[in-house]
Amino acid sequence: MRSSCRECTKSETTGNSCVYVSLKQRIPAYGKYAFSIQLGADEFTKLGKILHDINTNWNEASKLVDPGLEQRMPAPTVDALLKMALFATQTLTSPNYSGVARELLVSRYYVNKCAFATKELARAIEERDVATALGLWELGRDSWNSYLVIANRS
């Protein structure tokens with residue numbers, strides 16, 4: 001039976017027992033999703049370097065945001081978005097609390113911003129619009145970094 005937050009304890013040492021997530025629950029999430037998330041972040045950084053280059057390699061840039069429609073795998077940057085949401089759910093959902101943790105909602109918000117930036121980046125890259133692509137990359141970078149701050153706290 002799940003306890004309500006009125007019954008939870010809070011202290012400087014242990015934190016809030018309502019939102020505590022055990023290592024037994026968190027460790028498998030790292031094994032399942034950490035590699036994909038790190039690879040996606042690395043590829044997104046690579047995309048930024050390509051877009052900031054004077055001679056932008058549009059073909060390489062488009063490969064890094066390929067959604068993988070039909071029978072292809074998505075690019076690691078796109079694939080990481082789902083893994084980010086799953087990782088946050090597993091590491092930020094406490095069995096002691098029946099509600100959704102605030103950190104989980106915020107992490108999902110940043111994943112959605114990353115997804116928006118990536119989807120629009122694909123369109124800007126297709127249109128060869130450097131200014132728009134750079135602006136969207138900055139939005140995506142900020143969203144990735146904000147997500148990682150929340151995920152690293154877990």
# chains A, B, ... in the order shown; residues from 1 in each chain; ligands from 1
$ residues_around --residues "Ala75 of chain A" --least-positions-apart "3" --cutoff "10 Å" --atoms "only C-alpha atoms" --output "PyMOL selection string"
chain A and resi 39-40+43+62-68+72+78-80
$ write_last_selection --atoms "C-alpha atoms" --output "mmCIF file, in the first residue's frame"
data_model
loop_
_atom_site.group_PDB
_atom_site.id
_atom_site.type_symbol
_atom_site.label_atom_id
_atom_site.label_comp_id
_atom_site.auth_asym_id
_atom_site.auth_seq_id
_atom_site.Cartn_x
_atom_site.Cartn_y
_atom_site.Cartn_z
ATOM 1 C CA LEU A 39 25.305 9.088 -27.637
ATOM 2 C CA GLY A 40 22.363 11.377 -28.482
ATOM 3 C CA GLU A 43 25.616 13.658 -31.706
ATOM 4 C CA SER A 62 20.485 15.955 -41.947
ATOM 5 C CA LYS A 63 21.755 12.482 -40.984
ATOM 6 C CA LEU A 64 22.064 13.622 -37.362
ATOM 7 C CA VAL A 65 18.353 14.536 -37.126
ATOM 8 C CA ASP A 66 16.960 11.757 -39.318
ATOM 9 C CA PRO A 67 13.699 10.524 -37.739
ATOM 10 C CA GLY A 68 14.212 7.088 -39.273
ATOM 11 C CA ARG A 72 15.345 2.804 -40.874
ATOM 12 C CA VAL A 78 16.164 11.365 -32.190
ATOM 13 C CA ASP A 79 16.339 7.937 -30.558
ATOM 14 C CA ALA A 80 17.631 9.457 -27.326
#
$ closest_residue --among "A:Ile37, A:Leu105, A:Ile54, A:Leu136" --to "Pro76 of chain A" --atoms "only C-alpha atoms"
A:Ile37
$ atom_distance --atom1 "atom CA of Arg108 of chain A" --atom2 "atom CA of Asp129 of chain A"
28.2 Å
$ atom_distance --atom1 "atom CA of Tyr147 of chain A" --atom2 "atom CA of Asp53 of chain A"
26.3 Å
$ residues_around --residues "segment 137-141 of chain A" --least-positions-apart "4" --cutoff "12 Å" --atoms "only C-alpha atoms" --output "number ranges by chain"
A: 40-52, 61, 64-65, 77-78, 81, 110-122, 124-125, 130-133, 145-148
$ closest_residue --among "A:Ile27, A:Leu104, A:Leu134, A:Ile150" --to "Ala85 of chain A" --atoms "only C-alpha atoms"
A:Leu104
$ atom_distance --atom1 "atom CA of Glu60 of chain A" --atom2 "atom CA of Met73 of chain A"
16.0 Å
$ select_by_dssp --residues "chain A" --states "strand (DSSP E)" --output "PDB file with N, CA, C and O atoms, in the first residue's frame"
ATOM      1  N   LYS A  10      10.575  13.787   6.467  1.00  0.00           N
ATOM      2  CA  LYS A  10      11.454  14.710   5.760  1.00  0.00           C
ATOM      3  C   LYS A  10      12.573  15.086   6.713  1.00  0.00           C
ATOM      4  O   LYS A  10      12.318  15.462   7.855  1.00  0.00           O
ATOM      5  N   SER A  11      13.801  14.960   6.263  1.00  0.00           N
ATOM      6  CA  SER A  11      14.927  15.394   7.080  1.00  0.00           C
ATOM      7  C   SER A  11      16.055  15.849   6.179  1.00  0.00           C
ATOM      8  O   SER A  11      16.069  15.544   4.977  1.00  0.00           O
ATOM      9  N   GLY A  15      16.183  13.345   3.137  1.00  0.00           N
ATOM     10  CA  GLY A  15      15.329  13.995   2.148  1.00  0.00           C
ATOM     11  C   GLY A  15      13.872  13.653   2.401  1.00  0.00           C
ATOM     12  O   GLY A  15      13.478  13.264   3.493  1.00  0.00           O
ATOM     13  N   ASN A  16      13.057  13.763   1.386  1.00  0.00           N
ATOM     14  CA  ASN A  16      11.626  13.503   1.496  1.00  0.00           C
ATOM     15  C   ASN A  16      11.368  12.043   1.128  1.00  0.00           C
ATOM     16  O   ASN A  16      11.623  11.616   0.009  1.00  0.00           O
TER      17      ASN A  16
END
$ select_by_dssp --residues "chain A" --states "alpha helix (DSSP H)" --output "PyMOL selection string"
chain A and resi 23-52+58-64+76-92+102-126+130-153
$ residues_around --residues "Phe87 of chain A" --least-positions-apart "4" --cutoff "7 Å" --atoms "only C-alpha atoms" --output "PyMOL selection string"
chain A and resi 29+33+83+91
$ write_last_selection --atoms "N, CA and C atoms" --output "PDB file, in the first residue's frame"
ATOM      1  N   ALA A  29      17.840   1.480 -14.847  1.00  0.00           N
ATOM      2  CA  ALA A  29      17.590   2.563 -15.804  1.00  0.00           C
ATOM      3  C   ALA A  29      18.897   3.035 -16.433  1.00  0.00           C
ATOM      4  N   TYR A  33      19.405   2.874 -20.467  1.00  0.00           N
ATOM      5  CA  TYR A  33      19.243   4.121 -21.226  1.00  0.00           C
ATOM      6  C   TYR A  33      20.457   5.050 -21.264  1.00  0.00           C
ATOM      7  N   LYS A  83      14.377   7.571 -24.946  1.00  0.00           N
ATOM      8  CA  LYS A  83      15.168   7.026 -23.837  1.00  0.00           C
ATOM      9  C   LYS A  83      15.240   8.020 -22.678  1.00  0.00           C
ATOM     10  N   THR A  91      13.715   6.817 -12.956  1.00  0.00           N
ATOM     11  CA  THR A  91      14.552   7.324 -11.864  1.00  0.00           C
ATOM     12  C   THR A  91      13.864   8.383 -11.005  1.00  0.00           C
TER      13      THR A  91
END
